[in-house]
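Student: Pasting model.pdb here (PDB, C-alpha atoms):
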```pdb
ATOM      1  CA  MET A   1     -19.999   7.977  13.967
ATOM      2  CA  ARG A   2     -16.449   7.319  15.166
ATOM      3  CA  VAL A   3     -13.664   6.937  12.615
ATOM      4  CA  GLY A   4     -10.264   5.769  13.826
ATOM      5  CA  VAL A   5      -7.122   7.253  12.260
ATOM      6  CA  ILE A   6      -3.937   5.283  12.950
ATOM      7  CA  THR A   7      -0.584   6.915  13.711
ATOM      8  CA  PHE A   8       2.565   4.850  13.189
ATOM      9  CA  PRO A   9       6.116   6.133  13.687
ATOM     10  CA  GLY A  10       6.658   7.998  10.402
ATOM     11  CA  THR A  11       2.986   8.611   9.557
ATOM     12  CA  LEU A  12       2.492  12.046   7.948
ATOM     13  CA  ASP A  13      -1.125  12.404   6.889
ATOM     14  CA  ASP A  14      -3.046  11.416  10.008
ATOM     15  CA  VAL A  15      -3.887  15.059  10.787
ATOM     16  CA  ASP A  16      -5.364  15.688   7.335
ATOM     17  CA  ALA A  17      -7.254  12.377   7.447
ATOM     18  CA  ALA A  18      -8.788  13.322  10.805
ATOM     19  CA  ARG A  19      -9.709  16.752   9.411
ATOM     20  CA  ALA A  20     -11.422  15.109   6.448
ATOM     21  CA  VAL A  21     -13.468  12.935   8.821
ATOM     22  CA  ARG A  22     -14.596  16.030  10.742
ATOM     23  CA  TYR A  23     -15.470  17.875   7.504
ATOM     24  CA  ALA A  24     -17.745  14.962   6.629
ATOM     25  CA  GLY A  25     -19.506  15.143   9.983
ATOM     26  CA  GLY A  26     -17.754  12.241  11.704
ATOM     27  CA  GLU A  27     -15.771  12.078  14.915
ATOM     28  CA  ALA A  28     -12.071  11.388  14.338
ATOM     29  CA  VAL A  29     -10.499   9.081  16.933
ATOM     30  CA  SER A  30      -6.708   8.785  17.178
ATOM     31  CA  LEU A  31      -5.422   5.201  17.224
ATOM     32  CA  TRP A  32      -1.862   4.377  18.226
ATOM     33  CA  HIS A  33       0.165   1.721  16.404
ATOM     34  CA  ALA A  34       1.315   0.013  19.612
ATOM     35  CA  ASP A  35      -2.170  -0.454  21.112
ATOM     36  CA  HIS A  36      -4.377  -3.544  20.745
ATOM     37  CA  ASP A  37      -7.351  -1.181  20.893
ATOM     38  CA  LEU A  38      -9.697   0.228  18.243
ATOM     39  CA  LYS A  39     -11.571   2.336  20.826
ATOM     40  CA  ASN A  40     -15.014   1.212  19.586
ATOM     41  CA  VAL A  41     -14.681   2.981  16.236
ATOM     42  CA  ASP A  42     -17.080   2.288  13.351
ATOM     43  CA  ALA A  43     -14.387   2.505  10.650
ATOM     44  CA  VAL A  44     -10.616   2.903  10.325
ATOM     45  CA  ILE A  45      -8.380   5.011   8.090
ATOM     46  CA  VAL A  46      -4.771   3.926   7.602
ATOM     47  CA  PRO A  47      -3.150   7.194   6.479
ATOM     48  CA  GLY A  48      -0.150   8.026   4.341
ATOM     49  CA  GLY A  49       3.450   8.669   5.250
ATOM     50  CA  PHE A  50       6.534   6.525   5.733
ATOM     51  CA  SER A  51       5.634   4.117   8.534
ATOM     52  CA  TYR A  52       8.765   2.711  10.202
ATOM     53  CA  GLY A  53      10.839   4.633   7.664
ATOM     54  CA  ASP A  54       9.661   2.344   4.838
ATOM     55  CA  TYR A  55      12.432  -0.026   5.978
ATOM     56  CA  LEU A  56      12.435  -3.528   4.441
ATOM     57  CA  ARG A  57       9.415  -2.732   2.175
ATOM     58  CA  CYS A  58       6.766  -0.039   2.378
ATOM     59  CA  GLY A  59       4.215  -1.246   4.916
ATOM     60  CA  ALA A  60       6.031  -4.508   5.702
ATOM     61  CA  ILE A  61       6.739  -3.637   9.342
ATOM     62  CA  ALA A  62       3.562  -1.644   9.998
ATOM     63  CA  ARG A  63       1.558  -4.674   8.973
ATOM     64  CA  PHE A  64       2.708  -6.439  12.152
ATOM     65  CA  ALA A  65       1.922  -3.517  14.509
ATOM     66  CA  PRO A  66      -0.474  -4.492  17.324
ATOM     67  CA  VAL A  67      -3.200  -2.135  16.091
ATOM     68  CA  MET A  68      -3.094  -3.696  12.611
ATOM     69  CA  GLN A  69      -3.911  -7.126  14.030
ATOM     70  CA  GLU A  70      -7.087  -5.561  15.426
ATOM     71  CA  VAL A  71      -7.795  -3.857  12.079
ATOM     72  CA  VAL A  72      -7.443  -7.154  10.196
ATOM     73  CA  ASP A  73      -9.858  -8.893  12.587
ATOM     74  CA  ALA A  74     -12.386  -6.031  12.367
ATOM     75  CA  ALA A  75     -12.134  -5.824   8.562
ATOM     76  CA  LYS A  76     -12.883  -9.537   8.301
ATOM     77  CA  LYS A  77     -16.101  -8.852  10.235
ATOM     78  CA  GLY A  78     -17.052  -6.104   7.743
ATOM     79  CA  MET A  79     -15.695  -2.895   9.279
ATOM     80  CA  PRO A  80     -14.960  -0.273   6.599
ATOM     81  CA  VAL A  81     -11.222   0.371   6.236
ATOM     82  CA  LEU A  82      -9.555   2.942   3.976
ATOM     83  CA  GLY A  83      -5.835   2.843   3.194
ATOM     84  CA  ILE A  84      -4.334   5.913   1.568
ATOM     85  CA  CYS A  85      -0.863   5.817  -0.032
ATOM     86  CA  ASN A  86       1.340   4.189   2.624
ATOM     87  CA  GLY A  87      -1.929   2.939   4.118
ATOM     88  CA  PHE A  88      -2.717   1.179   0.811
ATOM     89  CA  GLN A  89       0.738  -0.416   0.912
ATOM     90  CA  ILE A  90       0.091  -1.569   4.494
ATOM     91  CA  LEU A  91      -3.312  -3.088   3.592
ATOM     92  CA  CYS A  92      -1.670  -5.024   0.738
ATOM     93  CA  GLU A  93       1.118  -6.276   3.020
ATOM     94  CA  ALA A  94      -1.558  -7.286   5.543
ATOM     95  CA  HIS A  95      -3.386  -9.246   2.784
ATOM     96  CA  LEU A  96      -6.592  -7.247   3.274
ATOM     97  CA  LEU A  97      -6.172  -6.268  -0.382
ATOM     98  CA  PRO A  98      -4.444  -8.297  -3.130
ATOM     99  CA  GLY A  99      -1.281  -7.288  -4.971
ATOM    100  CA  ALA A 100       1.648  -5.075  -4.009
ATOM    101  CA  LEU A 101       3.109  -1.644  -4.750
ATOM    102  CA  ILE A 102       6.602  -1.219  -6.152
ATOM    103  CA  ARG A 103       8.967   1.600  -7.098
ATOM    104  CA  ASN A 104       7.568   3.996  -9.729
ATOM    105  CA  HIS A 105       8.544   2.816 -13.204
ATOM    106  CA  LYS A 106      10.564   5.967 -13.929
ATOM    107  CA  LEU A 107      12.071   5.951 -10.401
ATOM    108  CA  HIS A 108      11.052   9.553  -9.701
ATOM    109  CA  PHE A 109       8.951  10.507  -6.709
ATOM    110  CA  VAL A 110       5.750  11.852  -8.292
ATOM    111  CA  CYS A 111       4.049  14.843  -6.643
ATOM    112  CA  ARG A 112       1.218  16.391  -8.617
ATOM    113  CA  ASP A 113      -2.528  16.860  -8.836
ATOM    114  CA  GLN A 114      -3.885  13.773 -10.576
ATOM    115  CA  TRP A 115      -7.160  13.076 -12.361
ATOM    116  CA  LEU A 116      -8.814   9.791 -11.406
ATOM    117  CA  LYS A 117     -11.824   8.027 -12.861
ATOM    118  CA  VAL A 118     -14.305   6.509 -10.403
ATOM    119  CA  GLU A 119     -14.849   2.961 -11.677
ATOM    120  CA  ASN A 120     -16.853   1.585  -8.760
ATOM    121  CA  ASN A 121     -19.314   3.668  -6.723
ATOM    122  CA  GLU A 122     -20.720   0.752  -4.745
ATOM    123  CA  THR A 123     -18.060   0.563  -2.025
ATOM    124  CA  ALA A 124     -18.423   1.888   1.507
ATOM    125  CA  TRP A 125     -16.099   4.757   0.538
ATOM    126  CA  THR A 126     -17.321   5.803  -2.937
ATOM    127  CA  SER A 127     -21.147   5.804  -2.934
ATOM    128  CA  ARG A 128     -21.308   9.624  -3.172
ATOM    129  CA  TYR A 129     -19.658   9.594  -6.614
ATOM    130  CA  ASP A 130     -21.233   8.949  -9.983
ATOM    131  CA  LYS A 131     -19.774   5.937 -11.775
ATOM    132  CA  GLY A 132     -17.416   7.270 -14.434
ATOM    133  CA  ALA A 133     -16.935  10.629 -12.660
ATOM    134  CA  GLU A 134     -13.472  12.163 -12.847
ATOM    135  CA  ILE A 135     -11.955  13.708  -9.722
ATOM    136  CA  LEU A 136      -8.755  15.703  -9.149
ATOM    137  CA  VAL A 137      -6.731  14.907  -6.028
ATOM    138  CA  PRO A 138      -3.017  15.062  -5.095
ATOM    139  CA  LEU A 139      -0.726  12.112  -5.785
ATOM    140  CA  LYS A 140       2.602  12.040  -3.909
ATOM    141  CA  SER A 141       4.484   8.763  -3.841
ATOM    142  CA  GLY A 142       7.695   7.074  -4.885
ATOM    143  CA  GLU A 143       6.447   3.496  -4.691
ATOM    144  CA  GLY A 144       2.985   3.614  -6.216
ATOM    145  CA  GLY A 145       3.253   1.080  -9.026
ATOM    146  CA  TYR A 146       0.419  -1.417  -8.487
ATOM    147  CA  GLN A 147       1.445  -4.984  -9.326
ATOM    148  CA  ALA A 148      -0.449  -8.245  -9.241
ATOM    149  CA  ASP A 149      -0.301 -11.444 -11.232
ATOM    150  CA  ARG A 150      -2.524 -11.909 -14.285
ATOM    151  CA  SER A 151      -5.149 -14.026 -12.530
ATOM    152  CA  THR A 152      -5.491 -11.479  -9.707
ATOM    153  CA  LEU A 153      -5.842  -8.631 -12.217
ATOM    154  CA  ASP A 154      -8.460 -10.606 -14.141
ATOM    155  CA  GLU A 155     -10.355 -11.246 -10.907
ATOM    156  CA  LEU A 156     -10.244  -7.557  -9.903
ATOM    157  CA  GLU A 157     -11.399  -6.419 -13.338
ATOM    158  CA  GLY A 158     -14.019  -9.149 -13.680
ATOM    159  CA  GLU A 159     -15.574  -8.394 -10.290
ATOM    160  CA  GLY A 160     -15.477  -4.611 -10.760
ATOM    161  CA  ARG A 161     -13.055  -4.223  -7.869
ATOM    162  CA  VAL A 162     -10.922  -1.542  -9.527
ATOM    163  CA  VAL A 163     -12.280   1.550  -7.739
ATOM    164  CA  PHE A 164     -10.100   4.297  -9.227
ATOM    165  CA  ARG A 165      -8.058   4.428 -12.430
ATOM    166  CA  TYR A 166      -5.504   7.059 -13.463
ATOM    167  CA  VAL A 167      -6.698   9.342 -16.269
ATOM    168  CA  GLY A 168      -4.118  10.376 -18.872
ATOM    169  CA  GLU A 169      -0.477   9.361 -18.614
ATOM    170  CA  ASN A 170       0.115   6.534 -16.128
ATOM    171  CA  PRO A 171       2.167   8.235 -13.369
ATOM    172  CA  ASN A 172       3.915   5.213 -11.859
ATOM    173  CA  GLY A 173       3.634   2.109 -14.052
ATOM    174  CA  SER A 174       0.626   0.627 -12.242
ATOM    175  CA  ARG A 175      -0.828  -2.372 -14.063
ATOM    176  CA  ASN A 176      -4.065  -1.504 -15.900
ATOM    177  CA  ASP A 177      -3.667   2.162 -14.726
ATOM    178  CA  ILE A 178      -4.974   1.054 -11.320
ATOM    179  CA  ALA A 179      -5.010   3.806  -8.663
ATOM    180  CA  GLY A 180      -7.242   2.063  -6.125
ATOM    181  CA  ILE A 181      -8.981  -1.254  -5.473
ATOM    182  CA  THR A 182     -11.482  -2.774  -3.054
ATOM    183  CA  SER A 183     -12.017  -6.023  -1.204
ATOM    184  CA  ALA A 184     -14.583  -8.566  -2.400
ATOM    185  CA  ASN A 185     -17.206  -7.153   0.009
ATOM    186  CA  GLY A 186     -16.540  -3.506  -0.955
ATOM    187  CA  ARG A 187     -15.747  -2.489   2.616
ATOM    188  CA  VAL A 188     -11.941  -2.211   2.386
ATOM    189  CA  VAL A 189     -10.568   0.310  -0.119
ATOM    190  CA  GLY A 190      -6.958   1.264  -0.823
ATOM    191  CA  LEU A 191      -5.639   3.941  -3.158
ATOM    192  CA  MET A 192      -2.339   5.709  -3.761
ATOM    193  CA  PRO A 193      -3.669   9.275  -4.338
ATOM    194  CA  HIS A 194      -4.753  11.455  -1.426
ATOM    195  CA  PRO A 195      -8.462  12.335  -1.159
ATOM    196  CA  GLU A 196      -7.882  13.735   2.343
ATOM    197  CA  HIS A 197      -5.766  16.536   0.836
ATOM    198  CA  ALA A 198      -8.629  17.590  -1.474
ATOM    199  CA  ILE A 199     -11.570  18.342   0.805
ATOM    200  CA  ASP A 200     -11.607  22.145   0.609
ATOM    201  CA  ALA A 201     -10.649  24.351  -2.335
ATOM    202  CA  LEU A 202      -8.881  26.656   0.125
ATOM    203  CA  THR A 203      -6.253  24.037   0.987
ATOM    204  CA  GLY A 204      -6.306  21.611  -1.943
ATOM    205  CA  PRO A 205      -6.751  21.562  -5.696
ATOM    206  CA  THR A 206     -10.474  20.727  -5.319
ATOM    207  CA  ASP A 207     -12.897  19.346  -2.759
ATOM    208  CA  ASP A 208     -13.333  16.211  -4.863
ATOM    209  CA  GLY A 209     -11.874  13.958  -2.163
ATOM    210  CA  LEU A 210     -14.489  14.826   0.442
ATOM    211  CA  GLY A 211     -16.953  12.448  -1.222
ATOM    212  CA  MET A 212     -15.033   9.454   0.111
ATOM    213  CA  PHE A 213     -15.527  10.546   3.708
ATOM    214  CA  LEU A 214     -19.166  11.561   3.141
ATOM    215  CA  SER A 215     -19.734   8.132   1.551
ATOM    216  CA  LEU A 216     -18.402   6.462   4.672
ATOM    217  CA  VAL A 217     -20.667   8.484   6.963
ATOM    218  CA  ASP A 218     -23.629   7.541   4.723
ATOM    219  CA  SER A 219     -22.695   3.847   4.771
ATOM    220  CA  VAL A 220     -22.518   3.615   8.533
ATOM    221  CA  VAL A 221     -25.727   5.606   9.028
ATOM    222  CA  THR A 222     -27.634   3.339   6.643
ATOM    223  CA  ALA A 223     -26.086   0.115   7.987
TER     224      ALA A 223
ATOM    225  CA  MET B   1      25.296 -20.087  16.298
ATOM    226  CA  ALA B   2      24.981 -20.442  12.568
ATOM    227  CA  ARG B   3      24.902 -17.920   9.780
ATOM    228  CA  VAL B   4      21.888 -17.978   7.497
ATOM    229  CA  VAL B   5      21.647 -16.024   4.267
ATOM    230  CA  VAL B   6      18.314 -15.043   2.739
ATOM    231  CA  ASP B   7      18.361 -13.699  -0.809
ATOM    232  CA  VAL B   8      15.238 -11.918  -2.030
ATOM    233  CA  MET B   9      14.774 -11.078  -5.716
ATOM    234  CA  PRO B  10      11.944  -9.490  -7.683
ATOM    235  CA  LYS B  11      10.023 -12.160  -9.595
ATOM    236  CA  PRO B  12      11.072 -12.385 -13.243
ATOM    237  CA  GLU B  13       7.719 -11.061 -14.486
ATOM    238  CA  ILE B  14       7.765  -8.048 -12.121
ATOM    239  CA  LEU B  15       9.216  -4.811 -13.495
ATOM    240  CA  ASP B  16      12.481  -3.939 -11.721
ATOM    241  CA  PRO B  17      12.998  -0.195 -12.325
ATOM    242  CA  GLN B  18      16.042  -0.039 -10.040
ATOM    243  CA  GLY B  19      17.801  -2.868 -11.848
ATOM    244  CA  GLN B  20      16.973  -1.255 -15.185
ATOM    245  CA  ALA B  21      18.432   2.069 -14.014
ATOM    246  CA  VAL B  22      21.664   0.331 -13.027
ATOM    247  CA  ALA B  23      21.784  -1.495 -16.356
ATOM    248  CA  ASN B  24      21.230   1.753 -18.240
ATOM    249  CA  ALA B  25      24.004   3.498 -16.308
ATOM    250  CA  LEU B  26      26.665   0.914 -17.106
ATOM    251  CA  PRO B  27      27.256   1.863 -20.786
ATOM    252  CA  ARG B  28      27.431   5.526 -19.768
ATOM    253  CA  LEU B  29      30.206   4.594 -17.357
ATOM    254  CA  GLY B  30      32.118   2.787 -20.089
ATOM    255  CA  PHE B  31      31.170  -0.778 -19.112
ATOM    256  CA  ASP B  32      29.890  -2.590 -22.183
ATOM    257  CA  GLY B  33      28.471  -6.078 -22.594
ATOM    258  CA  ILE B  34      26.092  -6.169 -19.615
ATOM    259  CA  THR B  35      22.662  -6.872 -21.033
ATOM    260  CA  SER B  36      20.525  -7.025 -17.878
ATOM    261  CA  VAL B  37      20.625  -6.220 -14.154
ATOM    262  CA  ARG B  38      18.134  -7.323 -11.514
ATOM    263  CA  GLN B  39      18.369  -5.775  -8.045
ATOM    264  CA  GLY B  40      17.345  -7.613  -4.899
ATOM    265  CA  LYS B  41      18.074  -7.846  -1.180
ATOM    266  CA  HIS B  42      20.590  -9.946   0.755
ATOM    267  CA  PHE B  43      20.022 -10.662   4.474
ATOM    268  CA  GLU B  44      22.570 -12.232   6.847
ATOM    269  CA  LEU B  45      21.079 -13.693  10.030
ATOM    270  CA  GLU B  46      23.016 -14.992  13.038
ATOM    271  CA  VAL B  47      20.818 -17.866  14.179
ATOM    272  CA  ALA B  48      20.795 -20.038  17.305
ATOM    273  CA  ASP B  49      21.355 -23.752  16.670
ATOM    274  CA  ASP B  50      17.825 -24.758  17.655
ATOM    275  CA  VAL B  51      16.111 -22.636  14.959
ATOM    276  CA  ASP B  52      14.854 -25.105  12.358
ATOM    277  CA  ASP B  53      14.482 -24.747   8.590
ATOM    278  CA  ALA B  54      10.711 -24.422   8.776
ATOM    279  CA  THR B  55      11.045 -21.393  11.039
ATOM    280  CA  LEU B  56      13.594 -19.799   8.716
ATOM    281  CA  ALA B  57      11.313 -20.391   5.744
ATOM    282  CA  LYS B  58       8.441 -18.759   7.617
ATOM    283  CA  ILE B  59      10.596 -15.699   8.412
ATOM    284  CA  ALA B  60      11.541 -15.366   4.758
ATOM    285  CA  GLU B  61       8.067 -15.906   3.357
ATOM    286  CA  THR B  62       6.037 -13.794   5.779
ATOM    287  CA  PHE B  63       8.439 -10.943   6.489
ATOM    288  CA  LEU B  64      11.701 -10.635   4.569
ATOM    289  CA  ALA B  65      10.042 -11.221   1.196
ATOM    290  CA  ASN B  66       6.625 -10.367  -0.206
ATOM    291  CA  PRO B  67       5.755 -13.474  -2.244
ATOM    292  CA  VAL B  68       3.377 -11.430  -4.407
ATOM    293  CA  ILE B  69       6.343  -9.713  -6.057
ATOM    294  CA  GLU B  70       9.464 -11.471  -4.790
ATOM    295  CA  ASP B  71      11.146 -14.897  -4.747
ATOM    296  CA  TRP B  72      13.361 -15.925  -1.843
ATOM    297  CA  VAL B  73      16.061 -18.492  -1.059
ATOM    298  CA  VAL B  74      17.324 -19.472   2.411
ATOM    299  CA  ARG B  75      20.860 -20.902   2.767
ATOM    300  CA  ARG B  76      22.872 -21.977   5.800
ATOM    301  CA  VAL B  77      26.494 -20.912   5.290
ATOM    302  CA  GLU B  78      29.805 -21.412   7.109
ATOM    303  CA  ALA B  79      30.209 -18.545   9.571
TER     304      ALA B  79
END
```
Render the structure in this file as structure tokens.

Tutor:
Amino acid sequence: MRVGVITFPGTLDDVDAARAVRYAGGEAVSLWHADHDLKNVDAVIVPGGFSYGDYLRCGAIARFAPVMQEVVDAAKKGMPVLGICNGFQILCEAHLLPGALIRNHKLHFVCRDQWLKVENNETAWTSRYDKGAEILVPLKSGEGGYQADRSTLDELEGEGRVVFRYVGENPNGSRNDIAGITSANGRVVGLMPHPEHAIDALTGPTDDGLGMFLSLVDSVVTA
Amino acid sequence: MARVVVDVMPKPEILDPQGQAVANALPRLGFDGITSVRQGKHFELEVADDVDDATLAKIAETFLANPVIEDWVVRRVEA
């Protein structure tokens, strides 16, 4: 299966995202922000970093990149899409996921290994986890505070669309301790922490993040 | 050409950590009596005469502001 990994100007984590795809048995395909071309991939990862320097708002300019218009069209037809960190911000700006991410409540850039609770294991990206499992992956962001209005939060909670929640002290002021959410069809997932940095105990705190990429490979094989 | 100003502010119900940090710094600097600060963005656009208000509103709503977390106001001003 072919998994596209987008590179924008200022993207940092495309190499680790592609490595995670290969660890899970997929083929990583580089996608370029300026191309109207998804190269026949089966899924797309929008990786972390500081696309377009985070100018205006995080993700606000990347959202209008030619490749993102293709991603939005493909996601609406059911293609699995994963946004990590800056990628999550971009998916929110692109309205593939509801809400927005703002400056951390204590203003500090947070860089640490973070425990997350898996709240939903029925998405295209989380089927390998047990519901309620706790995983340890890096979190590294300055604007990770998840915000949405009350009705949107109620909808997310009511439909089980909170995928990951922070365990312990809330690191960034996210409403309801939300670390990651999914679209109504469970195909698009966004989260602030970095599963692609935790796929091998040699290079990360754990290999807990690998399950997201294995889940994707499973979902496309079974589809 | 006309000058257009777009002011973008965090919605009242959205936490504004930057504004709070500024507000908290003021007493330390010896400025008393300021009870609240909200921090936003101010854009100045030089606009051709044939750009209409609907277009300006679309620019503000879809790009300069994120309506999920921010309110915006467009004003035409004397250049």

Student: Which residues, protein or nucleic acid, reach to within 10 Å of (23.7, -4.6, -21.4) in the file's coordinates when using only C-alpha atoms, and can you give that as a ChimeraX atom specification?

Tutor: /B:20,22-27,31-37

Student: Evaluate the PyMOL selection byres ((chain B) within 10 of (chain A)) against this structure - the residues, as a tab-separated table (two decimals) with C-alpha atoms, keeping the file's coordinate frame, please.

Tutor:
```tsv
chain	number	residue	atom	x	y	z
B	10	PRO	CA	11.94	-9.49	-7.68
B	13	GLU	CA	7.72	-11.06	-14.49
B	14	ILE	CA	7.76	-8.05	-12.12
B	15	LEU	CA	9.22	-4.81	-13.50
B	16	ASP	CA	12.48	-3.94	-11.72
B	17	PRO	CA	13.00	-0.20	-12.32
B	18	GLN	CA	16.04	-0.04	-10.04
B	20	GLN	CA	16.97	-1.25	-15.18
B	21	ALA	CA	18.43	2.07	-14.01
B	41	LYS	CA	18.07	-7.85	-1.18
B	62	THR	CA	6.04	-13.79	5.78
B	63	PHE	CA	8.44	-10.94	6.49
B	64	LEU	CA	11.70	-10.64	4.57
B	65	ALA	CA	10.04	-11.22	1.20
B	66	ASN	CA	6.62	-10.37	-0.21
B	67	PRO	CA	5.76	-13.47	-2.24
B	68	VAL	CA	3.38	-11.43	-4.41
B	69	ILE	CA	6.34	-9.71	-6.06
```

Student: Produce the centre coordinates and the three edge lengths, each in Å to one decimal, of the box along x, y and z that contains all listed atoms of segment 9-20 of chain B with 6 Å added on each side, as AutoDock Vina command-line options.

Tutor:
```
--center_x 12.8 --center_y -6.2 --center_z -10.5 --size_x 22.1 --size_y 24.3 --size_z 21.5
```

Student: Pick out the closest residue to Ala34 of chain A from this set: A:Glu70, A:Asp218, A:Asp207, A:Asp14. Count all atoms listed in the file.

Tutor: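 Looking only at the distances to Ala34 of chain A, the closest residue turns out to be A:Glu70.
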
Student: Check which residues satisfy the PyMOL selection byres ((chain A and resi 1) around 8) in the file shown, then give them as number ranges by chain.

Tutor: A: 2-3, 26-27, 41-42, 217, 220-221

Student: Enter the distance from atom CA of His42 of chain B to atom CA of Gly10 of chain A, in Å, rounded to one decimal.

Tutor: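 Spanning atom CA of His42 of chain B to atom CA of Gly10 of chain A is a straight-line distance of 24.7 Å.
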
Student: Pull out every residue that the PyMOL selection byres ((chain B and resi 77) around 8) matches in the shown coordinates and put them as number ranges by chain.

Tutor: B: 2-5, 75-76, 78-79
